[in-house]
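The file coords.cif contains mmCIF, C-alpha atoms, pLDDT in the B column; chains and numbers go by the auth columns:
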```cif
data_target
loop_
_atom_site.group_PDB
_atom_site.id
_atom_site.type_symbol
_atom_site.label_atom_id
_atom_site.label_comp_id
_atom_site.label_asym_id
_atom_site.label_seq_id
_atom_site.Cartn_x
_atom_site.Cartn_y
_atom_site.Cartn_z
_atom_site.B_iso_or_equiv
_atom_site.auth_seq_id
_atom_site.auth_asym_id
ATOM 1 C CA MET A 1 0.000 0.000 0.000 53.00 1018 U
ATOM 2 C CA THR A 2 1.409 3.408 -1.039 69.00 1019 U
ATOM 3 C CA ALA A 3 1.995 5.803 1.833 87.00 1020 U
ATOM 4 C CA THR A 4 0.175 9.122 1.728 96.00 1021 U
ATOM 5 C CA LEU A 5 1.902 12.499 1.841 97.00 1022 U
ATOM 6 C CA ILE A 6 0.696 13.077 5.390 97.00 1023 U
ATOM 7 C CA THR A 7 2.032 9.732 6.650 97.00 1024 U
ATOM 8 C CA MET A 8 5.359 10.392 4.941 98.00 1025 U
ATOM 9 C CA ALA A 9 5.486 13.856 6.510 98.00 1026 U
ATOM 10 C CA ARG A 10 4.866 12.351 9.934 98.00 1027 U
ATOM 11 C CA ALA A 11 7.632 9.798 9.408 98.00 1028 U
ATOM 12 C CA GLU A 12 10.027 12.539 8.324 98.00 1029 U
ATOM 13 C CA ARG A 13 9.275 14.545 11.454 98.00 1030 U
ATOM 14 C CA ALA A 14 9.769 11.488 13.631 98.00 1031 U
ATOM 15 C CA ASP A 15 13.173 10.871 12.017 98.00 1032 U
ATOM 16 C CA LEU A 16 14.119 14.520 12.578 98.00 1033 U
ATOM 17 C CA ALA A 17 13.054 14.441 16.228 98.00 1034 U
ATOM 18 C CA GLU A 18 15.141 11.324 16.813 98.00 1035 U
ATOM 19 C CA PHE A 19 18.156 13.037 15.244 98.00 1036 U
ATOM 20 C CA LEU A 20 17.706 16.314 17.134 98.00 1037 U
ATOM 21 C CA ASP A 21 17.732 14.386 20.393 98.00 1038 U
ATOM 22 C CA THR A 22 21.377 13.468 19.676 98.00 1039 U
ATOM 23 C CA LEU A 23 22.598 17.053 19.238 98.00 1040 U
ATOM 24 C CA ALA A 24 24.924 18.796 21.656 98.00 1041 U
ATOM 25 C CA PRO A 25 24.106 22.362 22.790 98.00 1042 U
ATOM 26 C CA GLN A 26 26.668 23.828 20.386 98.00 1043 U
ATOM 27 C CA ASP A 27 25.064 21.983 17.463 98.00 1044 U
ATOM 28 C CA TRP A 28 21.817 23.882 17.983 98.00 1045 U
ATOM 29 C CA GLU A 29 23.719 27.165 17.644 98.00 1046 U
ATOM 30 C CA ALA A 30 25.624 26.101 14.510 98.00 1047 U
ATOM 31 C CA ARG A 31 24.826 27.725 11.182 98.00 1048 U
ATOM 32 C CA SER A 32 22.479 25.777 8.932 98.00 1049 U
ATOM 33 C CA LEU A 33 22.321 25.896 5.136 97.00 1050 U
ATOM 34 C CA CYS A 34 19.495 28.428 5.468 95.00 1051 U
ATOM 35 C CA THR A 35 20.904 31.928 5.166 87.00 1052 U
ATOM 36 C CA ARG A 36 21.156 33.673 8.560 91.00 1053 U
ATOM 37 C CA TRP A 37 19.504 30.798 10.437 97.00 1054 U
ATOM 38 C CA THR A 38 21.038 28.504 13.021 98.00 1055 U
ATOM 39 C CA VAL A 39 19.922 24.906 13.502 98.00 1056 U
ATOM 40 C CA LYS A 40 17.673 26.122 16.324 98.00 1057 U
ATOM 41 C CA ASP A 41 16.133 28.730 14.008 97.00 1058 U
ATOM 42 C CA VAL A 42 15.386 26.117 11.349 98.00 1059 U
ATOM 43 C CA VAL A 43 13.585 23.903 13.854 98.00 1060 U
ATOM 44 C CA ALA A 44 11.626 26.910 15.116 96.00 1061 U
ATOM 45 C CA HIS A 45 10.609 27.740 11.550 93.00 1062 U
ATOM 46 C CA MET A 46 9.463 24.200 10.849 93.00 1063 U
ATOM 47 C CA ILE A 47 7.036 24.167 13.775 93.00 1064 U
ATOM 48 C CA SER A 48 6.025 27.814 13.787 90.00 1065 U
ATOM 49 C CA TYR A 49 2.921 27.344 11.636 86.00 1066 U
ATOM 50 C CA GLU A 50 1.502 24.308 13.449 89.00 1067 U
ATOM 51 C CA GLU A 51 -0.968 26.039 15.755 75.00 1068 U
ATOM 52 C CA LEU A 52 -1.879 29.008 13.593 72.00 1069 U
ATOM 53 C CA GLY A 53 -5.494 29.263 12.518 57.00 1070 U
ATOM 54 C CA ALA A 54 -6.622 31.611 9.754 56.00 1071 U
ATOM 55 C CA PRO A 55 -6.593 34.730 12.002 56.00 1072 U
ATOM 56 C CA GLY A 56 -3.085 33.944 13.279 59.00 1073 U
ATOM 57 C CA LEU A 57 -1.823 33.300 9.780 56.00 1074 U
ATOM 58 C CA LEU A 58 -3.196 36.604 8.530 59.00 1075 U
ATOM 59 C CA LYS A 59 -1.642 38.398 11.491 65.00 1076 U
ATOM 60 C CA ARG A 60 1.760 36.878 10.765 58.00 1077 U
ATOM 61 C CA PHE A 61 1.617 37.771 7.085 60.00 1078 U
ATOM 62 C CA ALA A 62 0.560 41.289 8.068 59.00 1079 U
ATOM 63 C CA LYS A 63 3.705 41.554 10.192 58.00 1080 U
ATOM 64 C CA GLY A 64 6.090 40.165 7.632 50.00 1081 U
ATOM 65 C CA TRP A 65 4.297 39.848 4.315 57.00 1082 U
ATOM 66 C CA ILE A 66 5.137 36.618 2.526 56.00 1083 U
ATOM 67 C CA VAL A 67 8.929 36.709 2.544 55.00 1084 U
ATOM 68 C CA ARG A 68 9.445 37.863 6.124 72.00 1085 U
ATOM 69 C CA ALA A 69 6.581 35.863 7.607 73.00 1086 U
ATOM 70 C CA ASN A 70 8.969 32.950 8.115 81.00 1087 U
ATOM 71 C CA GLN A 71 11.326 35.150 10.145 86.00 1088 U
ATOM 72 C CA VAL A 72 8.394 36.432 12.196 83.00 1089 U
ATOM 73 C CA GLY A 73 7.598 32.837 13.104 85.00 1090 U
ATOM 74 C CA VAL A 74 11.210 32.116 14.071 92.00 1091 U
ATOM 75 C CA ASP A 75 11.268 35.224 16.249 90.00 1092 U
ATOM 76 C CA GLU A 76 8.069 34.175 18.006 90.00 1093 U
ATOM 77 C CA PHE A 77 9.702 30.883 19.032 92.00 1094 U
ATOM 78 C CA SER A 78 13.119 32.342 19.868 93.00 1095 U
ATOM 79 C CA ASP A 79 12.629 32.188 23.643 94.00 1096 U
ATOM 80 C CA LEU A 80 12.113 28.419 23.630 97.00 1097 U
ATOM 81 C CA SER A 81 15.081 26.254 24.547 98.00 1098 U
ATOM 82 C CA PRO A 82 16.240 23.441 22.248 98.00 1099 U
ATOM 83 C CA GLN A 83 14.556 20.899 24.513 98.00 1100 U
ATOM 84 C CA GLN A 84 11.303 22.847 24.432 98.00 1101 U
ATOM 85 C CA LEU A 85 11.456 23.015 20.639 98.00 1102 U
ATOM 86 C CA LEU A 86 12.096 19.289 20.491 98.00 1103 U
ATOM 87 C CA GLU A 87 9.174 18.619 22.816 98.00 1104 U
ATOM 88 C CA PHE A 88 6.936 20.810 20.661 97.00 1105 U
ATOM 89 C CA LEU A 89 8.011 18.903 17.563 97.00 1106 U
ATOM 90 C CA ARG A 90 7.315 15.552 19.208 98.00 1107 U
ATOM 91 C CA ASN A 91 3.849 16.796 20.143 97.00 1108 U
ATOM 92 C CA HIS A 92 3.248 17.839 16.532 96.00 1109 U
ATOM 93 C CA LEU A 93 4.546 14.888 14.529 97.00 1110 U
ATOM 94 C CA GLN A 94 1.197 14.819 12.758 96.00 1111 U
ATOM 95 C CA PRO A 95 1.111 17.988 10.608 94.00 1112 U
ATOM 96 C CA ARG A 96 -1.691 20.398 11.306 90.00 1113 U
ATOM 97 C CA GLY A 97 -2.548 23.939 10.330 83.00 1114 U
ATOM 98 C CA LEU A 98 -0.792 25.363 7.289 82.00 1115 U
ATOM 99 C CA THR A 99 1.751 22.549 7.045 87.00 1116 U
ATOM 100 C CA ALA A 100 -1.016 19.979 6.574 89.00 1117 U
ATOM 101 C CA GLY A 101 -2.048 21.781 3.394 84.00 1118 U
ATOM 102 C CA PHE A 102 -2.321 19.938 0.085 89.00 1119 U
ATOM 103 C CA GLY A 103 -2.592 16.604 1.829 93.00 1120 U
ATOM 104 C CA GLY A 104 0.592 17.122 3.824 94.00 1121 U
ATOM 105 C CA MET A 105 2.713 18.238 0.876 95.00 1122 U
ATOM 106 C CA ILE A 106 3.968 21.372 2.625 93.00 1123 U
ATOM 107 C CA ALA A 107 5.073 19.469 5.709 96.00 1124 U
ATOM 108 C CA LEU A 108 6.748 16.719 3.680 97.00 1125 U
ATOM 109 C CA VAL A 109 8.636 18.974 1.271 97.00 1126 U
ATOM 110 C CA ASP A 110 9.699 21.574 3.827 96.00 1127 U
ATOM 111 C CA GLY A 111 10.457 18.933 6.421 97.00 1128 U
ATOM 112 C CA THR A 112 12.721 16.924 4.138 98.00 1129 U
ATOM 113 C CA ILE A 113 14.608 19.945 2.814 98.00 1130 U
ATOM 114 C CA HIS A 114 15.096 21.540 6.227 98.00 1131 U
ATOM 115 C CA HIS A 115 16.132 18.233 7.780 98.00 1132 U
ATOM 116 C CA GLN A 116 18.922 18.184 5.207 98.00 1133 U
ATOM 117 C CA ASP A 117 19.726 21.854 5.846 98.00 1134 U
ATOM 118 C CA ILE A 118 20.580 20.774 9.368 98.00 1135 U
ATOM 119 C CA ARG A 119 22.243 17.468 8.535 98.00 1136 U
ATOM 120 C CA ARG A 120 24.504 18.847 5.840 98.00 1137 U
ATOM 121 C CA ALA A 121 25.574 21.843 7.911 98.00 1138 U
ATOM 122 C CA LEU A 122 26.548 19.585 10.821 98.00 1139 U
ATOM 123 C CA GLY A 123 28.295 17.029 8.605 98.00 1140 U
ATOM 124 C CA ARG A 124 25.848 14.335 9.716 98.00 1141 U
ATOM 125 C CA PRO A 125 24.564 12.781 6.457 95.00 1142 U
ATOM 126 C CA ARG A 126 21.775 10.233 6.225 96.00 1143 U
ATOM 127 C CA ILE A 127 20.055 8.156 3.562 96.00 1144 U
ATOM 128 C CA VAL A 128 16.592 9.579 2.952 98.00 1145 U
ATOM 129 C CA PRO A 129 14.124 6.679 2.519 98.00 1146 U
ATOM 130 C CA ALA A 130 13.786 6.109 -1.225 97.00 1147 U
ATOM 131 C CA ASP A 131 9.995 6.266 -1.384 97.00 1148 U
ATOM 132 C CA ARG A 132 9.969 9.538 0.536 97.00 1149 U
ATOM 133 C CA LEU A 133 12.779 11.025 -1.557 98.00 1150 U
ATOM 134 C CA GLU A 134 11.171 10.101 -4.873 98.00 1151 U
ATOM 135 C CA ARG A 135 7.880 11.633 -3.788 97.00 1152 U
ATOM 136 C CA VAL A 136 9.518 14.911 -2.710 98.00 1153 U
ATOM 137 C CA LEU A 137 11.619 15.107 -5.880 98.00 1154 U
ATOM 138 C CA GLY A 138 8.446 14.892 -7.936 97.00 1155 U
ATOM 139 C CA LEU A 139 6.813 17.714 -5.983 97.00 1156 U
ATOM 140 C CA VAL A 140 9.604 20.292 -6.091 97.00 1157 U
ATOM 141 C CA PRO A 141 10.049 21.288 -9.791 96.00 1158 U
ATOM 142 C CA GLY A 142 6.536 22.705 -10.093 92.00 1159 U
ATOM 143 C CA ASN A 143 6.465 24.366 -6.673 90.00 1160 U
ATOM 144 C CA PRO A 144 6.516 28.155 -7.275 87.00 1161 U
ATOM 145 C CA ARG A 145 7.254 28.895 -3.637 85.00 1162 U
ATOM 146 C CA LEU A 146 10.640 27.184 -3.853 91.00 1163 U
ATOM 147 C CA GLY A 147 11.704 28.741 -7.159 93.00 1164 U
ATOM 148 C CA ALA A 148 13.051 25.455 -8.509 97.00 1165 U
ATOM 149 C CA GLY A 149 11.541 25.954 -11.968 96.00 1166 U
ATOM 150 C CA ARG A 150 13.777 28.853 -12.884 95.00 1167 U
ATOM 151 C CA ARG A 151 16.881 27.101 -11.548 97.00 1168 U
ATOM 152 C CA ILE A 152 16.422 23.938 -13.595 98.00 1169 U
ATOM 153 C CA ARG A 153 14.819 25.350 -16.756 97.00 1170 U
ATOM 154 C CA GLY A 154 16.342 23.765 -19.884 98.00 1171 U
ATOM 155 C CA LEU A 155 18.169 21.077 -17.905 98.00 1172 U
ATOM 156 C CA ARG A 156 17.604 17.379 -17.386 98.00 1173 U
ATOM 157 C CA LEU A 157 18.072 16.222 -13.816 98.00 1174 U
ATOM 158 C CA ARG A 158 18.608 12.504 -13.252 98.00 1175 U
ATOM 159 C CA ALA A 159 19.121 10.745 -9.928 98.00 1176 U
ATOM 160 C CA ASN A 160 21.594 7.882 -9.895 98.00 1177 U
ATOM 161 C CA ASP A 161 20.317 6.264 -6.713 97.00 1178 U
ATOM 162 C CA VAL A 162 16.509 6.421 -7.044 98.00 1179 U
ATOM 163 C CA ASP A 163 14.103 6.184 -9.964 96.00 1180 U
ATOM 164 C CA TRP A 164 13.631 9.858 -10.804 98.00 1181 U
ATOM 165 C CA ALA A 165 14.432 12.172 -13.709 98.00 1182 U
ATOM 166 C CA HIS A 166 12.994 15.492 -14.845 98.00 1183 U
ATOM 167 C CA GLY A 167 13.292 17.866 -17.782 98.00 1184 U
ATOM 168 C CA ARG A 168 15.175 18.027 -21.063 97.00 1185 U
ATOM 169 C CA GLY A 169 18.538 19.457 -21.950 98.00 1186 U
ATOM 170 C CA PRO A 170 22.110 19.129 -20.677 98.00 1187 U
ATOM 171 C CA GLU A 171 22.114 16.593 -17.882 98.00 1188 U
ATOM 172 C CA VAL A 172 22.813 17.064 -14.189 98.00 1189 U
ATOM 173 C CA THR A 173 23.300 13.775 -12.372 98.00 1190 U
ATOM 174 C CA GLY A 174 23.909 12.692 -8.827 98.00 1191 U
ATOM 175 C CA PRO A 175 22.192 11.444 -5.676 98.00 1192 U
ATOM 176 C CA GLY A 176 18.527 12.338 -5.436 98.00 1193 U
ATOM 177 C CA GLU A 177 19.104 14.168 -2.167 98.00 1194 U
ATOM 178 C CA ALA A 178 21.725 16.423 -3.752 98.00 1195 U
ATOM 179 C CA LEU A 179 19.430 17.176 -6.692 98.00 1196 U
ATOM 180 C CA LEU A 180 16.658 18.044 -4.249 98.00 1197 U
ATOM 181 C CA MET A 181 18.844 20.438 -2.325 98.00 1198 U
ATOM 182 C CA ALA A 182 20.258 22.074 -5.468 98.00 1199 U
ATOM 183 C CA MET A 183 16.757 22.584 -6.876 98.00 1200 U
ATOM 184 C CA SER A 184 15.889 24.232 -3.570 97.00 1201 U
ATOM 185 C CA GLY A 185 18.757 26.699 -3.918 96.00 1202 U
ATOM 186 C CA ARG A 186 21.423 25.071 -1.740 97.00 1203 U
ATOM 187 C CA ARG A 187 24.754 25.612 -3.452 97.00 1204 U
ATOM 188 C CA ALA A 188 26.510 23.191 -1.097 97.00 1205 U
ATOM 189 C CA ALA A 189 24.840 20.301 -2.924 98.00 1206 U
ATOM 190 C CA LEU A 190 26.721 21.062 -6.163 98.00 1207 U
ATOM 191 C CA ALA A 191 29.770 19.191 -4.863 97.00 1208 U
ATOM 192 C CA ASP A 192 27.796 15.957 -5.171 98.00 1209 U
ATOM 193 C CA LEU A 193 26.563 16.587 -8.722 98.00 1210 U
ATOM 194 C CA ASP A 194 28.043 16.062 -12.170 98.00 1211 U
ATOM 195 C CA GLY A 195 27.145 16.335 -15.830 98.00 1212 U
ATOM 196 C CA ALA A 196 27.176 18.785 -18.721 98.00 1213 U
ATOM 197 C CA GLY A 197 24.383 20.862 -17.167 98.00 1214 U
ATOM 198 C CA ARG A 198 26.103 21.351 -13.835 98.00 1215 U
ATOM 199 C CA PRO A 199 27.870 24.652 -14.751 98.00 1216 U
ATOM 200 C CA THR A 200 24.540 26.156 -15.823 98.00 1217 U
ATOM 201 C CA LEU A 201 22.880 25.088 -12.585 98.00 1218 U
ATOM 202 C CA ALA A 202 25.837 26.378 -10.573 97.00 1219 U
ATOM 203 C CA GLY A 203 25.572 29.765 -12.258 97.00 1220 U
ATOM 204 C CA ARG A 204 21.905 30.001 -11.356 96.00 1221 U
ATOM 205 C CA LEU A 205 22.563 29.190 -7.712 95.00 1222 U
ATOM 206 C CA GLY A 206 24.947 32.116 -7.345 82.00 1223 U
ATOM 207 C CA ARG A 207 27.694 32.416 -4.764 65.00 1224 U
#
```

Rendering of file as structure tokens:
Amino acid sequence: MTATLITMARAERADLAEFLDTLAPQDWEARSLCTRWTVKDVVAHMISYEELGAPGLLKRFAKGWIVRANQVGVDEFSDLSPQQLLEFLRNHLQPRGLTAGFGGMIALVDGTIHHQDIRRALGRPRIVPADRLERVLGLVPGNPRLGAGRRIRGLRLRANDVDWAHGRGPEVTGPGEALLMAMSGRRAALADLDGAGRPTLAGRLGR
């Protein structure tokens, strides 16, 4: 039986919570792959929409519009300790609120990418379950919020470890996780990629 997006999102959060429980205090303060955010900030962002109803969501967007709304959420959770953030996450393994949108797509995509933002920054790699990774890879190219479309336009991306490929043009190959992170704007993933289309993708990711 094929897992649903929401069950995959829950599994991803459970994996993240288990990993976060192994972190030392200094790990929480380390820089993540998200610009200007520490590991603690990334976790705060991931859970900051869980208990927001429509009025709370509108209030947050009013404070920060679309782009800065994420930072507003991080700021609202800044007083929580790492253990309190971890406890909150464990109490919200099942996505709710905004992150449960589109059948759990938001929670699954954001959760997988941000989990890797933390893992990669700390030098603690993992193997993303293949079924979960393939599902997320298929959801990212057409997601306007992530901006992947403009980064990969005119390129063919092909994973060499899972059954996934997308697009036409000069090829970019590598692990599915690295392709996911590059599509999402993480330049650090380029080191794991190869192919004739890699220079074009690198140029679009900037410095």

Considering all atoms listed in the file, give me a table of residues in stretch 1106-1208 of chain U that are at most 9 Å from stretch 1047-1071 of chain U, with the closest atom pair and distance in Å for each, as CSV.
```
residue,atom,partner,partner_atom,distance
U:Leu1106,CA,U:Ile1064,CA,6.6
U:His1109,CA,U:Glu1067,CA,7.4
U:Pro1112,CA,U:Glu1067,CA,6.9
U:Arg1113,CA,U:Glu1067,CA,5.5
U:Gly1114,CA,U:Glu1067,CA,5.1
U:Leu1115,CA,U:Tyr1066,CA,6.1
U:Thr1116,CA,U:Glu1067,CA,6.6
U:Ala1117,CA,U:Glu1067,CA,8.5
U:Ala1124,CA,U:Met1063,CA,8.3
U:Asp1127,CA,U:Met1063,CA,7.5
U:Gly1128,CA,U:Met1063,CA,7.0
U:His1131,CA,U:Val1059,CA,6.9
U:His1132,CA,U:Val1059,CA,8.7
U:Gln1133,CA,U:Leu1050,CA,8.4
U:Asp1134,CA,U:Leu1050,CA,4.9
U:Ile1135,CA,U:Ser1049,CA,5.4
U:Arg1136,CA,U:Ser1049,CA,8.3
U:Arg1137,CA,U:Leu1050,CA,7.4
U:Ala1138,CA,U:Ser1049,CA,5.1
U:Leu1139,CA,U:Ala1047,CA,7.5
U:Arg1203,CA,U:Leu1050,CA,7.0
U:Arg1204,CA,U:Leu1050,CA,8.9
U:Ala1205,CA,U:Leu1050,CA,8.0
```

Can you give me, as a ChimeraX atom specification, the residues this file yields under the PyMOL selection byres ((chain U and resi 1174) around 10)? /U:1169,1171-1173,1175-1177,1181-1191,1193,1196-1197,1200,1210,1212,1214-1215

Under the PyMOL selection byres ((chain U and resi 1146) around 10), which residues of this model are included? Write them out as number ranges by chain. U: 1025, 1028-1029, 1143-1145, 1147-1151, 1179

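For the set U:Ala1208, U:Ala1034, U:Leu1222, U:Val1153, the residue with the smallest atom-to-atom gap to U:Val1126 is U:Val1153, counting only C-alpha atoms.
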
Could you tell me which residues the PyMOL selection byres ((chain U and resi 1223) around 12) returns for this structure, as a ChimeraX atom specification? /U:1168,1199,1202-1205,1207,1216-1222,1224

Could you save the residues just selected, with C-alpha atoms, as a compact mmCIF listing (two decimals), in the frame of the given file?
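Listed below is the output, again_27.txt:
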```
# COMPACT_ATOMS: atom_id res chain seq x y z
CA ARG U 1168 16.88 27.10 -11.55
CA ALA U 1199 20.26 22.07 -5.47
CA GLY U 1202 18.76 26.70 -3.92
CA ARG U 1203 21.42 25.07 -1.74
CA ARG U 1204 24.75 25.61 -3.45
CA ALA U 1205 26.51 23.19 -1.10
CA LEU U 1207 26.72 21.06 -6.16
CA PRO U 1216 27.87 24.65 -14.75
CA THR U 1217 24.54 26.16 -15.82
CA LEU U 1218 22.88 25.09 -12.58
CA ALA U 1219 25.84 26.38 -10.57
CA GLY U 1220 25.57 29.76 -12.26
CA ARG U 1221 21.90 30.00 -11.36
CA LEU U 1222 22.56 29.19 -7.71
CA ARG U 1224 27.69 32.42 -4.76
```

With distances taken over only C-alpha atoms, the candidate from U:Leu1156, U:Leu1125, U:Ala1165, U:Ala1195 nearest U:Thr1021 is U:Leu1125

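The space between atom CA of U:Leu1102 and atom CA of U:Leu1037 spans 9.8 Å.
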
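Among U:Thr1129, U:Asp1044, U:Ile1123, U:Phe1094, the residue with the shortest atom-to-atom distance to U:Asp1032, counting only C-alpha atoms, is U:Thr1129.
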
Contact residues around U:Gly1121 with all atoms listed in the file at 7 Å, ignoring same-chain residues under 6 positions, as a VMD selection string: chain U and resid 1022 to 1023 1026 1112

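Distances to U:Gln1043 were evaluated for U:Arg1107, U:Ala1031, U:Pro1099, U:Glu1194 using all atoms listed in the file, and the minimum falls at U:Pro1099.
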
Around stretch 1039-1052 of chain U, with edges along x, y and z and 5 Å added on all six sides, what centre and edge lengths do you get, in Å to one decimal, as JSON?
```
{"center_x": 23.1, "center_y": 22.7, "center_z": 14.0, "size_x": 17.2, "size_y": 28.5, "size_z": 27.7}
```

Write only all heavy atoms for stretch 1128-1136 of chain U from the block just shown, as an mmCIF file, in the first residue's frame.
```
data_model
loop_
_atom_site.group_PDB
_atom_site.id
_atom_site.type_symbol
_atom_site.label_atom_id
_atom_site.label_comp_id
_atom_site.auth_asym_id
_atom_site.auth_seq_id
_atom_site.Cartn_x
_atom_site.Cartn_y
_atom_site.Cartn_z
ATOM 1 N N GLY U 1128 9.806 19.738 5.401
ATOM 2 C CA GLY U 1128 10.457 18.933 6.421
ATOM 3 C C GLY U 1128 11.683 18.212 5.904
ATOM 4 O O GLY U 1128 12.720 18.163 6.581
ATOM 5 N N THR U 1129 11.583 17.651 4.704
ATOM 6 C CA THR U 1129 12.721 16.924 4.138
ATOM 7 C C THR U 1129 13.871 17.869 3.814
ATOM 8 O O THR U 1129 15.040 17.582 4.126
ATOM 9 C CB THR U 1129 12.293 16.164 2.869
ATOM 10 O OG1 THR U 1129 11.172 15.325 3.160
ATOM 11 C CG2 THR U 1129 13.431 15.310 2.339
ATOM 12 N N ILE U 1130 13.561 18.982 3.181
ATOM 13 C CA ILE U 1130 14.608 19.945 2.814
ATOM 14 C C ILE U 1130 15.287 20.506 4.059
ATOM 15 O O ILE U 1130 16.523 20.554 4.153
ATOM 16 C CB ILE U 1130 14.032 21.071 1.947
ATOM 17 C CG1 ILE U 1130 13.596 20.524 0.587
ATOM 18 C CG2 ILE U 1130 15.056 22.199 1.772
ATOM 19 C CD1 ILE U 1130 12.803 21.507 -0.252
ATOM 20 N N HIS U 1131 14.501 20.930 5.032
ATOM 21 C CA HIS U 1131 15.096 21.540 6.227
ATOM 22 C C HIS U 1131 15.837 20.519 7.095
ATOM 23 O O HIS U 1131 16.817 20.875 7.762
ATOM 24 C CB HIS U 1131 14.025 22.259 7.035
ATOM 25 C CG HIS U 1131 13.547 23.527 6.388
ATOM 26 N ND1 HIS U 1131 14.411 24.428 5.812
ATOM 27 C CD2 HIS U 1131 12.291 24.033 6.232
ATOM 28 C CE1 HIS U 1131 13.713 25.451 5.317
ATOM 29 N NE2 HIS U 1131 12.430 25.223 5.561
ATOM 30 N N HIS U 1132 15.379 19.285 7.088
ATOM 31 C CA HIS U 1132 16.132 18.233 7.780
ATOM 32 C C HIS U 1132 17.544 18.157 7.191
ATOM 33 O O HIS U 1132 18.539 18.077 7.926
ATOM 34 C CB HIS U 1132 15.395 16.900 7.614
ATOM 35 C CG HIS U 1132 15.915 15.800 8.476
ATOM 36 N ND1 HIS U 1132 15.194 14.642 8.713
ATOM 37 C CD2 HIS U 1132 17.089 15.630 9.151
ATOM 38 C CE1 HIS U 1132 15.890 13.837 9.498
ATOM 39 N NE2 HIS U 1132 17.048 14.412 9.765
ATOM 40 N N GLN U 1133 17.612 18.224 5.860
ATOM 41 C CA GLN U 1133 18.922 18.184 5.207
ATOM 42 C C GLN U 1133 19.705 19.469 5.405
ATOM 43 O O GLN U 1133 20.938 19.448 5.436
ATOM 44 C CB GLN U 1133 18.757 17.869 3.720
ATOM 45 C CG GLN U 1133 18.157 16.490 3.437
ATOM 46 C CD GLN U 1133 18.891 15.389 4.177
ATOM 47 O OE1 GLN U 1133 18.343 14.759 5.078
ATOM 48 N NE2 GLN U 1133 20.152 15.160 3.819
ATOM 49 N N ASP U 1134 19.030 20.604 5.527
ATOM 50 C CA ASP U 1134 19.726 21.854 5.846
ATOM 51 C C ASP U 1134 20.506 21.716 7.147
ATOM 52 O O ASP U 1134 21.608 22.270 7.293
ATOM 53 C CB ASP U 1134 18.716 23.002 6.004
ATOM 54 C CG ASP U 1134 18.190 23.530 4.681
ATOM 55 O OD1 ASP U 1134 18.925 23.473 3.676
ATOM 56 O OD2 ASP U 1134 17.043 24.010 4.655
ATOM 57 N N ILE U 1135 19.926 20.995 8.080
ATOM 58 C CA ILE U 1135 20.580 20.774 9.368
ATOM 59 C C ILE U 1135 21.658 19.705 9.249
ATOM 60 O O ILE U 1135 22.802 19.902 9.679
ATOM 61 C CB ILE U 1135 19.523 20.361 10.413
ATOM 62 C CG1 ILE U 1135 18.548 21.522 10.668
ATOM 63 C CG2 ILE U 1135 20.200 19.924 11.710
ATOM 64 C CD1 ILE U 1135 17.337 21.137 11.499
ATOM 65 N N ARG U 1136 21.310 18.586 8.655
ATOM 66 C CA ARG U 1136 22.243 17.468 8.535
ATOM 67 C C ARG U 1136 23.511 17.863 7.791
ATOM 68 O O ARG U 1136 24.632 17.575 8.240
ATOM 69 C CB ARG U 1136 21.564 16.321 7.792
ATOM 70 C CG ARG U 1136 20.488 15.600 8.577
ATOM 71 C CD ARG U 1136 21.081 14.458 9.338
ATOM 72 N NE ARG U 1136 20.067 13.564 9.874
ATOM 73 C CZ ARG U 1136 20.344 12.398 10.428
ATOM 74 N NH1 ARG U 1136 21.585 11.980 10.498
ATOM 75 N NH2 ARG U 1136 19.383 11.635 10.919
#
```
